[in-house]
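Novice: Got a structure for you, target-v2.tsv, holding TSV, C-alpha atoms and all ligand atoms.
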chain	number	residue	atom	x	y	z
A	1	MET	CA	127.25	-92.04	-157.17
A	2	LYS	CA	129.68	-90.86	-154.49
A	3	LYS	CA	132.88	-92.86	-153.99
A	4	TYR	CA	133.57	-94.21	-150.51
A	5	PRO	CA	136.79	-95.68	-149.09
A	6	VAL	CA	137.38	-99.41	-149.35
A	7	ASN	CA	139.32	-99.53	-146.07
A	8	PRO	CA	138.80	-97.79	-142.72
A	9	THR	CA	140.73	-94.65	-141.76
A	10	GLY	CA	141.88	-93.97	-138.19
A	11	ASP	CA	142.14	-95.94	-134.97
A	12	LEU	CA	139.66	-98.63	-134.01
A	13	VAL	CA	137.83	-97.11	-131.03
A	14	ILE	CA	134.65	-99.20	-130.72
A	15	LYS	CA	133.81	-102.74	-131.76
A	16	THR	CA	130.45	-104.30	-130.97
A	17	LEU	CA	127.65	-106.42	-132.41
A	18	ALA	CA	124.42	-105.14	-133.98
A	19	MET	CA	121.69	-106.60	-131.75
A	20	PRO	CA	117.91	-106.96	-132.25
A	21	GLY	CA	117.28	-104.42	-129.47
A	22	ASN	CA	118.92	-101.69	-131.58
A	23	THR	CA	116.60	-101.95	-134.60
A	24	ASN	CA	114.20	-99.43	-136.14
A	25	SER	CA	110.71	-100.14	-137.48
A	26	ASN	CA	112.19	-101.47	-140.76
A	27	GLY	CA	114.19	-104.10	-138.90
A	28	ASP	CA	117.51	-102.46	-139.70
A	29	ILE	CA	119.75	-100.92	-137.04
A	30	PHE	CA	118.50	-97.55	-135.73
A	31	GLY	CA	120.59	-94.57	-136.91
A	32	GLY	CA	120.50	-92.94	-133.47
A	33	TRP	CA	122.19	-95.98	-131.96
A	34	VAL	CA	124.97	-95.82	-134.58
A	35	LEU	CA	125.39	-92.10	-133.93
A	36	SER	CA	125.80	-92.75	-130.20
A	37	GLN	CA	128.49	-95.39	-130.89
A	38	MET	CA	130.34	-92.84	-133.03
A	39	ASP	CA	130.03	-90.18	-130.33
A	40	LEU	CA	131.41	-92.60	-127.73
A	41	GLY	CA	134.26	-93.63	-130.02
A	42	GLY	CA	135.27	-90.05	-130.82
A	43	GLY	CA	135.06	-89.20	-127.13
A	44	ILE	CA	137.52	-92.00	-126.32
A	45	ILE	CA	140.16	-90.31	-128.50
A	46	ALA	CA	139.21	-86.76	-127.49
A	47	LYS	CA	139.50	-87.49	-123.75
A	48	THR	CA	143.16	-88.43	-124.13
A	49	TYR	CA	143.96	-84.85	-125.20
A	50	SER	CA	142.05	-83.22	-122.33
A	51	PRO	CA	144.25	-82.45	-119.29
A	52	SER	CA	141.20	-83.01	-117.05
A	53	GLY	CA	140.14	-86.16	-118.92
A	54	ARG	CA	136.79	-84.46	-119.59
A	55	VAL	CA	135.31	-83.49	-122.95
A	56	VAL	CA	131.89	-82.54	-124.28
A	57	THR	CA	130.54	-82.96	-127.79
A	58	VAL	CA	129.76	-79.48	-129.09
A	59	ALA	CA	128.90	-80.11	-132.76
A	60	ILE	CA	128.39	-82.71	-135.43
A	61	GLU	CA	129.45	-80.93	-138.59
A	62	SER	CA	128.70	-83.62	-141.09
A	63	MET	CA	127.02	-86.98	-140.89
A	64	SER	CA	126.28	-89.42	-143.69
A	65	PHE	CA	124.39	-92.68	-143.43
A	66	ILE	CA	125.75	-94.61	-146.40
A	67	ASN	CA	124.51	-98.19	-145.98
A	68	PRO	CA	122.06	-99.94	-143.61
A	69	ILE	CA	123.30	-102.24	-140.84
A	70	SER	CA	121.74	-105.67	-140.29
A	71	VAL	CA	121.34	-107.54	-136.99
A	72	GLY	CA	124.30	-109.86	-136.39
A	73	GLU	CA	126.88	-107.76	-138.23
A	74	SER	CA	129.89	-106.53	-136.30
A	75	VAL	CA	130.03	-102.74	-136.01
A	76	SER	CA	133.37	-100.93	-135.75
A	77	CYS	CA	134.06	-97.22	-135.36
A	78	TYR	CA	137.37	-95.73	-136.50
A	79	ALA	CA	138.40	-92.23	-135.51
A	80	LYS	CA	141.19	-89.73	-136.09
A	81	VAL	CA	141.76	-86.10	-135.16
A	82	ILE	CA	141.71	-83.95	-138.29
A	83	GLU	CA	142.04	-80.53	-136.63
A	84	PHE	CA	143.13	-79.18	-133.25
A	85	GLY	CA	141.92	-75.84	-131.93
A	86	ARG	CA	142.73	-74.31	-128.54
A	87	SER	CA	140.19	-76.25	-126.51
A	88	SER	CA	138.41	-78.00	-129.37
A	89	MET	CA	139.23	-80.81	-131.74
A	90	LYS	CA	137.53	-82.11	-134.87
A	91	ILE	CA	137.43	-85.86	-135.13
A	92	GLN	CA	136.56	-87.78	-138.27
A	93	ILE	CA	134.66	-90.92	-137.40
A	94	GLU	CA	133.76	-93.80	-139.71
A	95	THR	CA	131.58	-96.80	-138.97
A	96	TRP	CA	132.22	-100.08	-140.77
A	97	VAL	CA	130.32	-103.34	-140.58
A	98	TYR	CA	131.47	-106.89	-141.18
A	99	ASN	CA	128.98	-109.47	-142.43
A	100	TYR	CA	129.91	-112.93	-141.21
A	101	LEU	CA	127.91	-114.78	-143.91
A	102	ALA	CA	129.17	-112.82	-146.92
A	103	ARG	CA	132.63	-112.33	-145.36
A	104	THR	CA	132.63	-108.72	-146.51
A	105	GLN	CA	133.08	-105.35	-144.84
A	106	LYS	CA	131.53	-102.05	-145.89
A	107	ILE	CA	131.43	-98.48	-144.68
A	108	VAL	CA	128.05	-97.48	-143.21
A	109	THR	CA	128.53	-93.96	-141.85
A	110	ASN	CA	131.01	-91.15	-141.68
A	111	GLY	CA	130.98	-87.85	-139.87
A	112	VAL	CA	132.99	-85.08	-138.29
A	113	PHE	CA	132.37	-84.48	-134.58
A	114	THR	CA	133.78	-81.56	-132.56
A	115	TYR	CA	134.72	-82.08	-128.92
A	116	VAL	CA	135.79	-79.46	-126.38
A	117	ALA	CA	138.08	-80.20	-123.43
A	118	VAL	CA	136.48	-78.88	-120.24
A	119	ASP	CA	137.41	-78.54	-116.58
A	120	GLU	CA	135.39	-79.85	-113.66
A	121	HIS	CA	133.04	-76.86	-113.99
A	122	GLY	CA	132.35	-77.52	-117.69
A	123	LYS	CA	134.50	-74.57	-118.83
A	124	PRO	CA	136.78	-74.92	-121.88
A	125	ILE	CA	140.47	-75.61	-121.17
A	126	LEU	CA	143.53	-75.83	-123.42
A	127	ILE	CA	144.10	-79.25	-124.93
A	128	ASN	CA	147.41	-81.09	-124.77
A	129	LYS	CA	148.30	-82.05	-128.35
A	130	LEU	CA	151.49	-83.87	-127.40
A	131	VAL	CA	149.74	-86.90	-125.93
A	132	ASN	CA	150.33	-90.29	-127.53
A	133	HIS	CA	146.71	-91.39	-127.46
A	134	ALA	CA	147.55	-94.94	-128.53
A	135	THR	CA	148.89	-95.63	-125.03
A	136	ARG	CA	145.71	-94.54	-123.24
A	201	LIG	C1	131.20	-76.68	-125.39
A	201	LIG	C2	131.02	-75.54	-124.41
A	201	LIG	C3	131.75	-75.86	-123.12
A	201	LIG	C4	131.69	-74.33	-125.08
A	201	LIG	O1	131.51	-73.24	-124.22
A	201	LIG	P1	131.63	-71.73	-124.77
A	201	LIG	O2	131.35	-70.84	-123.66
A	201	LIG	O3	130.85	-71.64	-126.04
A	201	LIG	O4	133.16	-71.66	-125.06
A	201	LIG	P2	133.93	-70.88	-126.17
A	201	LIG	O5	133.08	-69.92	-126.92
A	201	LIG	O6	135.17	-70.35	-125.51
A	201	LIG	O7	134.36	-72.03	-127.20
A	201	LIG	C5	135.24	-73.03	-126.79
A	201	LIG	C6	135.63	-73.82	-128.02
A	201	LIG	O8	134.48	-74.49	-128.53
A	201	LIG	C7	134.33	-74.18	-129.91
A	201	LIG	N1	132.91	-74.17	-130.20
A	201	LIG	C8	131.93	-73.62	-129.47
A	201	LIG	N2	130.74	-73.84	-130.07
A	201	LIG	C9	130.99	-74.55	-131.20
A	201	LIG	C10	130.18	-75.08	-132.24
A	201	LIG	N3	128.86	-74.94	-132.26
A	201	LIG	N4	130.77	-75.77	-133.21
A	201	LIG	C11	132.12	-75.96	-133.24
A	201	LIG	N5	132.95	-75.49	-132.27
A	201	LIG	C12	132.38	-74.78	-131.27
A	201	LIG	C13	134.95	-72.80	-130.08
A	201	LIG	O9	135.31	-72.57	-131.43
A	201	LIG	C14	136.15	-72.92	-129.17
A	201	LIG	O10	137.18	-73.65	-129.82
A	201	LIG	P3	138.77	-73.31	-129.54
A	201	LIG	O11	138.96	-73.18	-128.06
A	201	LIG	O12	139.49	-74.51	-130.09
A	201	LIG	O13	139.08	-72.06	-130.26
A	201	LIG	C15	129.52	-75.22	-124.13
A	201	LIG	O14	128.92	-74.74	-125.31
A	201	LIG	C16	128.76	-76.46	-123.65
A	201	LIG	O15	128.90	-76.87	-122.52
A	201	LIG	N6	127.93	-77.04	-124.55
A	201	LIG	C17	127.15	-78.23	-124.18
A	201	LIG	C18	127.98	-79.47	-124.47
A	201	LIG	C19	127.18	-80.69	-124.14
A	201	LIG	O16	126.47	-80.75	-123.15
A	201	LIG	N7	127.31	-81.72	-125.00
A	201	LIG	C20	126.55	-82.91	-124.89
A	201	LIG	C21	125.29	-82.72	-125.62
A	201	LIG	S1	124.18	-84.01	-125.30
Once you've parsed the file, please lay out its structure as structure tokens.
Specialist:
Amino acid sequence: MKKYPVNPTGDLVIKTLAMPGNTNSNGDIFGGWVLSQMDLGGGIIAKTYSPSGRVVTVAIESMSFINPISVGESVSCYAKVIEFGRSSMKIQIETWVYNYLARTQKIVTNGVFTYVAVDEHGKPILINKLVNHATR
């Protein structure tokens, strides 16, 4: 059995509630919805390093679905840059849920997403690594 962290890593970038409209046919939360929350959360950090404020997601290098999410749990995505390229950056993103009845939190997904800073024509541009993203 693989060991997973007991506490989140990175900045909190998304916090929302798992709603009935986001379920799959088993009644759990649909993985595609979780993936889109992670992509949004990583994009929030990535955009701060793009001089144009624009980024695109170019790859998802790894993605694990570790635990299911139930309706009514809070869903939080945490993200941190783990590698800068010239125009690209790899961002590690974790999703954690909090169950209000059990009063417990657990990790549900983790993944590494790659974003590329682009100009207004969608062409790659150099990123600015010196930004303090916490202020954005
Ligand atoms: C991302 C995109 C602008 C890159 O354009 P490109 O012509 O391939 O540009 P380059 O070859 O110069 O690569 C630019 C950077 O992206 C990285 N890159 C390109 N394809 C990649 C891939 N599949 N995985 C990881 N990194 C990749 C390159 O390594 C390079 O990084 P660096 O500048 O840090 O060295 C282009 O592929 C694109 O627009 N893709 C669609 C993105 C999109 O629409 N995303 C939403 C999907 S719903």
Novice: Which residues form the shell of 10 Å around ligand LIG 201 (chain A) when you count all atoms listed in the file, given as a ChimeraX atom specification?
Specialist: /A:39,55-61,83-90,113-119,121-127
Novice: What separation in Å, quoted to one decimal, exists between CA of Gly43 in chain A and CA of Val13 in chain A?
Specialist: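 Straight-line distance from CA of Gly43 in chain A to CA of Val13 in chain A works out to 9.2 Å.
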Novice: For a quick check of understanding, using all atoms listed in the file, which of A:Arg103, A:Lys80, A:Lys129, A:Lys3 has the smallest distance to Met38 in chain A?
Specialist: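 Using all atoms listed in the file, the shortest distance to Met38 in chain A belongs to A:Lys80.
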Novice: What's the separation between CA of Val97 in chain A and CA of Ile82 in chain A, in Å to one decimal place?
Specialist: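 Answer for the CA of Val97 in chain A to CA of Ile82 in chain A separation: 22.6 Å.
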Novice: With a distance cut-off of 7 Å and all atoms listed in the file, select the neighbouring residues of Met63 in chain A, excluding the residue or stretch itself and same-chain residues fewer than 6 positions from it, and output the selection as JSON, numbers by chain.
Specialist: {"A": [110, 111, 112]}
Novice: Kindly indicate which residue among A:Tyr49, A:Trp96, A:Phe30, A:Tyr4 lies nearest to Val71 in chain A, using all atoms listed in the file for the distances.
Specialist: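 Using all atoms listed in the file, the shortest distance to Val71 in chain A belongs to A:Phe30.
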Novice: Could you jot down the CA of Ala46 in chain A to CA of Ala79 in chain A separation for me, Å, one decimal place?
Specialist: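 Computing the Euclidean distance for CA of Ala46 in chain A and CA of Ala79 in chain A yields 9.7 Å.
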Novice: Tell me which of A:Ala102, A:Ile91, A:Ala18, A:Ile29 sits closest to Ser74 in chain A, counting all atoms listed in the file.
Specialist: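 Between A:Ala102, A:Ile91, A:Ala18, A:Ile29, the residue approaching Ser74 in chain A most closely is A:Ala18.
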Novice: Box for range 87-97 of chain A - axis-aligned, 5 Å on each of the six sides, all listed atoms - centre and size in Å to one decimal, as JSON.
Specialist:
{"center_x": 135.3, "center_y": -89.8, "center_z": -133.6, "size_x": 19.9, "size_y": 37.1, "size_z": 24.3}
Novice: Pick out the residues sitting within 10 Å of Val6 in chain A, and hand them over as number ranges by chain; count all atoms listed in the file, and ignore anything fewer than 5 positions along from it in its own chain.
Specialist: A: 105-107
Novice: Tell me which of A:Asn99, A:Ile45, A:Gln37, A:Leu12 sits closest to Gly72 in chain A, counting all atoms listed in the file.
Specialist: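 That would be A:Asn99, the residue with the smallest distance to Gly72 in chain A.
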